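Worksheet for the structure shown next.
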Amino acid sequence: MRIRQIELYRGCPVTVQSMLSRPAADIAGNVAQAKALEAAGCDIVRVAVPDKAAVALIPALRGAVAMPVVADIHFDAQLAIEAVAAGADKIRINPGNLGGQDKLGRVAAACRAAGIPIRVGVNAGSLEKELLKKYGRPSPEALCDSALQNAALLEQCDFHDICLSLKSSDVADTVAAYELAAARCDYPLHIGITEAGTLHMGLIKSAAGLGALLLRGIGDTLRVSLTADPVEEVYAALDLLRALGLRRDRPNLIACPTCGRTAIDLTRIAAEVEQRLRDVHAPLTVAVMGCAVNGPGEAHEADVGLAGGDGKALLFAKGAPLYTVDEAHCVDALMEEVRRITEEKK
Ligand code: SF4
């Protein structure tokens, strides 16, 4: 199963997950959103399955996209079994709230027969009362205990194909919880900051928390949870992986912060270059610098770049000048150089 190769074996690339946000009854809307996520570079898509009717989403999605489909189920063991029968590549449950060990055993048996894993997803907002009483709050220790206790319920069913997530909206708590889990078990970890917030703050919280974890080697799959179009989650997650050197599939854009020497509309140019580089699949470094005095030197590692002048831009490669173009045509010229270098590298 593709999902097992991606998520459950160490040494594989960290993969990007997102979640569909259309109403569960809107199958066409969810399929369209899944296609957009896949086109953006998403590796795994999760979908809420709140009722029987929503199970139809699973074959619809599997028929429309190549990425694995994870069914997110709460409280209802029968629904989980039906999601597995409908072709889910993985299910996400909280084993403690499925109605007892008998029902959990039937879910585990269905997953075992289908050869698919289960993600045990615990959340600071829904921790067991005993753990809240023991620790006084949804602390990292409480989150970790909850995840391992829920995993143990599956282990008691002789099911071990497990991935864990332990999410809190508190960045420091989330990092500490995953560190504890990584120290206390070998299960793959799906990392994320839950309810992180809107595009701006959610991205900052996710970059801080997930960046800290990934730099410690913790995290097998990740989601950047944003109150925004889920395509933004995928872009953010991929860019985070690229910023950390964990993905080298697309260009790395470096751009100077501008200063009093800048005599070109660098903010607009950098934004346009960033947008147009999204369609380039090559591990290049591309520089957009504000002046020719320092730009080529500061960005001498760049495969190609431009440095602004007064209404003009100097194109350069590995710090050496190529030619000068008008500001109005500089992005086109830069992209042509990117295309040429990409072809040469093939
Ligand atoms: Fe200023 Fe030039 Fe450095 Fe940009 S590259 S920050 S414009 S000195």
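In the structure tokens, chains take the letters A, B, ... in the order shown, each chain's residues start at 1, and ligands count up from 1 in the order shown.
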Practice item. Please report, as a VMD selection string, each residue of segment 12-250 of chain A to which DSSP assigns helix (DSSP H, G or I) when run on this structure's backbone. Key: chain A and resid 27 to 40 52 to 64 77 to 85 95 to 97 101 to 114 124 to 126 129 to 135 140 to 155 171 to 184 199 to 215 230 to 243
Practice item. Please identify the residues whose atoms come within 7 Å of ligand 1, using only C-alpha atoms and all ligand atoms, and report them as a count of residues only. Key: 15
Practice item. Find the residues around segment 17-22 of chain A up to 6 Å (only C-alpha atoms counted), leave out those fewer than 6 positions away in its own chain, and share them as a ChimeraX atom specification. Key: /A:30,43-47,222-223
**Study point:** Backbone-only DSSP, strand (DSSP E or B) members of segment 80-260 of chain A, as a PyMOL selection string
**Key:** chain A and resi 90-93+118-123+162-167+189-192+221-223+252-255
Export, as an mmCIF file, in the first residue's frame, the selected residues with N, CA, C and O atoms.
data_model
loop_
_atom_site.group_PDB
_atom_site.id
_atom_site.type_symbol
_atom_site.label_atom_id
_atom_site.label_comp_id
_atom_site.auth_asym_id
_atom_site.auth_seq_id
_atom_site.Cartn_x
_atom_site.Cartn_y
_atom_site.Cartn_z
ATOM 1 N N LYS A 90 -6.358 4.550 4.999
ATOM 2 C CA LYS A 90 -5.965 4.676 6.397
ATOM 3 C C LYS A 90 -7.168 5.267 7.112
ATOM 4 O O LYS A 90 -7.957 6.004 6.496
ATOM 5 N N ILE A 91 -7.312 4.970 8.397
ATOM 6 C CA ILE A 91 -8.351 5.676 9.144
ATOM 7 C C ILE A 91 -7.711 6.394 10.323
ATOM 8 O O ILE A 91 -6.695 5.949 10.870
ATOM 9 N N ARG A 92 -8.305 7.498 10.673
ATOM 10 C CA ARG A 92 -7.873 8.236 11.859
ATOM 11 C C ARG A 92 -9.015 8.145 12.874
ATOM 12 O O ARG A 92 -10.140 8.533 12.604
ATOM 13 N N ILE A 93 -8.677 7.563 14.038
ATOM 14 C CA ILE A 93 -9.673 7.411 15.083
ATOM 15 C C ILE A 93 -9.049 7.770 16.429
ATOM 16 O O ILE A 93 -7.839 7.968 16.533
ATOM 17 N N ILE A 118 -3.720 2.603 11.081
ATOM 18 C CA ILE A 118 -4.641 3.451 11.850
ATOM 19 C C ILE A 118 -3.848 4.589 12.467
ATOM 20 O O ILE A 118 -2.792 4.361 13.066
ATOM 21 N N ARG A 119 -4.341 5.776 12.305
ATOM 22 C CA ARG A 119 -3.735 6.901 13.033
ATOM 23 C C ARG A 119 -4.523 7.138 14.309
ATOM 24 O O ARG A 119 -5.730 7.347 14.277
ATOM 25 N N VAL A 120 -3.794 7.102 15.419
ATOM 26 C CA VAL A 120 -4.370 7.437 16.713
ATOM 27 C C VAL A 120 -4.164 8.939 16.909
ATOM 28 O O VAL A 120 -3.035 9.396 17.066
ATOM 29 N N GLY A 121 -5.256 9.662 16.875
ATOM 30 C CA GLY A 121 -5.141 11.120 16.956
ATOM 31 C C GLY A 121 -5.663 11.638 18.271
ATOM 32 O O GLY A 121 -6.861 11.592 18.531
ATOM 33 N N VAL A 122 -4.763 12.096 19.143
ATOM 34 C CA VAL A 122 -5.236 12.712 20.385
ATOM 35 C C VAL A 122 -5.015 14.221 20.304
ATOM 36 O O VAL A 122 -4.141 14.713 19.596
ATOM 37 N N ASN A 123 -5.872 14.912 21.059
ATOM 38 C CA ASN A 123 -5.959 16.351 20.935
ATOM 39 C C ASN A 123 -6.123 16.948 22.331
ATOM 40 O O ASN A 123 -6.855 16.387 23.154
ATOM 41 N N ILE A 162 0.414 1.431 13.404
ATOM 42 C CA ILE A 162 -0.145 2.623 14.048
ATOM 43 C C ILE A 162 0.723 3.847 13.769
ATOM 44 O O ILE A 162 1.955 3.762 13.701
ATOM 45 N N CYS A 163 0.057 4.965 13.601
ATOM 46 C CA CYS A 163 0.724 6.266 13.520
ATOM 47 C C CYS A 163 0.079 7.137 14.590
ATOM 48 O O CYS A 163 -1.119 7.025 14.846
ATOM 49 N N LEU A 164 0.866 7.990 15.249
ATOM 50 C CA LEU A 164 0.321 8.804 16.337
ATOM 51 C C LEU A 164 0.332 10.283 15.980
ATOM 52 O O LEU A 164 1.237 10.770 15.304
ATOM 53 N N SER A 165 -0.671 10.996 16.483
ATOM 54 C CA SER A 165 -0.603 12.460 16.487
ATOM 55 C C SER A 165 -1.052 12.944 17.854
ATOM 56 O O SER A 165 -1.934 12.355 18.478
ATOM 57 N N LEU A 166 -0.404 14.003 18.327
ATOM 58 C CA LEU A 166 -0.685 14.543 19.665
ATOM 59 C C LEU A 166 -0.713 16.060 19.543
ATOM 60 O O LEU A 166 0.318 16.708 19.677
ATOM 61 N N LYS A 167 -1.860 16.594 19.262
ATOM 62 C CA LYS A 167 -1.882 18.005 18.893
ATOM 63 C C LYS A 167 -2.463 18.899 19.974
ATOM 64 O O LYS A 167 -3.427 18.556 20.653
ATOM 65 N N LEU A 189 5.123 9.460 13.548
ATOM 66 C CA LEU A 189 4.392 10.584 14.137
ATOM 67 C C LEU A 189 3.894 11.526 13.043
ATOM 68 O O LEU A 189 4.674 11.983 12.194
ATOM 69 N N HIS A 190 2.599 11.784 13.083
ATOM 70 C CA HIS A 190 2.020 12.829 12.229
ATOM 71 C C HIS A 190 2.013 14.102 13.069
ATOM 72 O O HIS A 190 1.384 14.137 14.134
ATOM 73 N N ILE A 191 2.722 15.131 12.620
ATOM 74 C CA ILE A 191 2.876 16.322 13.458
ATOM 75 C C ILE A 191 2.044 17.486 12.930
ATOM 76 O O ILE A 191 1.802 17.618 11.735
ATOM 77 N N GLY A 192 1.607 18.316 13.872
ATOM 78 C CA GLY A 192 0.826 19.489 13.507
ATOM 79 C C GLY A 192 0.509 20.306 14.746
ATOM 80 O O GLY A 192 0.535 19.787 15.863
ATOM 81 N N THR A 221 4.892 12.616 8.918
ATOM 82 C CA THR A 221 3.966 13.353 8.063
ATOM 83 C C THR A 221 3.621 14.632 8.810
ATOM 84 O O THR A 221 3.744 14.699 10.036
ATOM 85 N N LEU A 222 3.218 15.657 8.066
ATOM 86 C CA LEU A 222 2.847 16.888 8.759
ATOM 87 C C LEU A 222 1.650 17.537 8.098
ATOM 88 O O LEU A 222 1.369 17.335 6.918
ATOM 89 N N ARG A 223 0.951 18.308 8.921
ATOM 90 C CA ARG A 223 -0.099 19.170 8.389
ATOM 91 C C ARG A 223 0.101 20.559 8.982
ATOM 92 O O ARG A 223 0.281 20.704 10.192
ATOM 93 N N ASN A 252 14.608 27.156 -4.723
ATOM 94 C CA ASN A 252 14.680 27.908 -3.472
ATOM 95 C C ASN A 252 14.857 29.376 -3.856
ATOM 96 O O ASN A 252 15.823 29.735 -4.521
ATOM 97 N N LEU A 253 13.913 30.208 -3.475
ATOM 98 C CA LEU A 253 14.002 31.635 -3.815
ATOM 99 C C LEU A 253 14.650 32.383 -2.668
ATOM 100 O O LEU A 253 14.197 32.289 -1.525
ATOM 101 N N ILE A 254 15.728 33.098 -2.978
ATOM 102 C CA ILE A 254 16.273 34.013 -1.977
ATOM 103 C C ILE A 254 16.048 35.430 -2.491
ATOM 104 O O ILE A 254 16.132 35.702 -3.678
ATOM 105 N N ALA A 255 15.671 36.314 -1.588
ATOM 106 C CA ALA A 255 15.372 37.689 -1.985
ATOM 107 C C ALA A 255 15.847 38.619 -0.886
ATOM 108 O O ALA A 255 15.673 38.329 0.304
#
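Residues in contact with His160 of chain A at up to 12 Å, not including ones fewer than 2 positions away on its chain and judged by only C-alpha atoms, are Leu8, Ala108, Ala109, Cys111, Arg112, Gly115, Ile116, Pro117, Ile118, Arg119, Val120, Leu148, Asn150, Ala151, Ala152, Leu153, Leu154, Glu155, Gln156, Cys157, Asp158, Ile162, Cys163, Leu164, Cys185, Asp186, Tyr187 and Pro188 of chain A.
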Review point. Hey, can you check how far atom CA of Asp220 of chain A sits from atom CA of Pro13 of chain A?
Key: 7.4 Å
Practice item. With a distance cut-off of 12 Å and only C-alpha atoms, select the neighbouring residues of segment 134-142 of chain A, excluding the residue or stretch itself and same-chain residues fewer than 3 positions from it, and output the selection as a VMD selection string. Key: chain A and resid 122 to 131 145 to 149 166 to 181 183 to 184
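Neighbours of Val280 of chain A closer than or equal to 9 Å, with only C-alpha atoms counted and sequence neighbours fewer than 2 positions away skipped, come out as Asp249, Arg250, Pro251, Arg276, Leu277, Arg278, Ala282, Pro283, Val338, Arg339 and Thr342 of chain A.
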**Study point:** Contacts of segment 199-202 of chain A within 12 Å, only C-alpha atoms, excl. fewer than 6 positions in-chain, as an MDAnalysis selection string
**Key:** chainID A and resid 169:171 192:193 208:210 223:237
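One finds atom CA of Lys346 of chain A at 18.6 Å from atom CA of Leu334 of chain A.
Going from atom CA of Ala64 of chain A to atom CA of Pro50 of chain A covers 20.8 Å.
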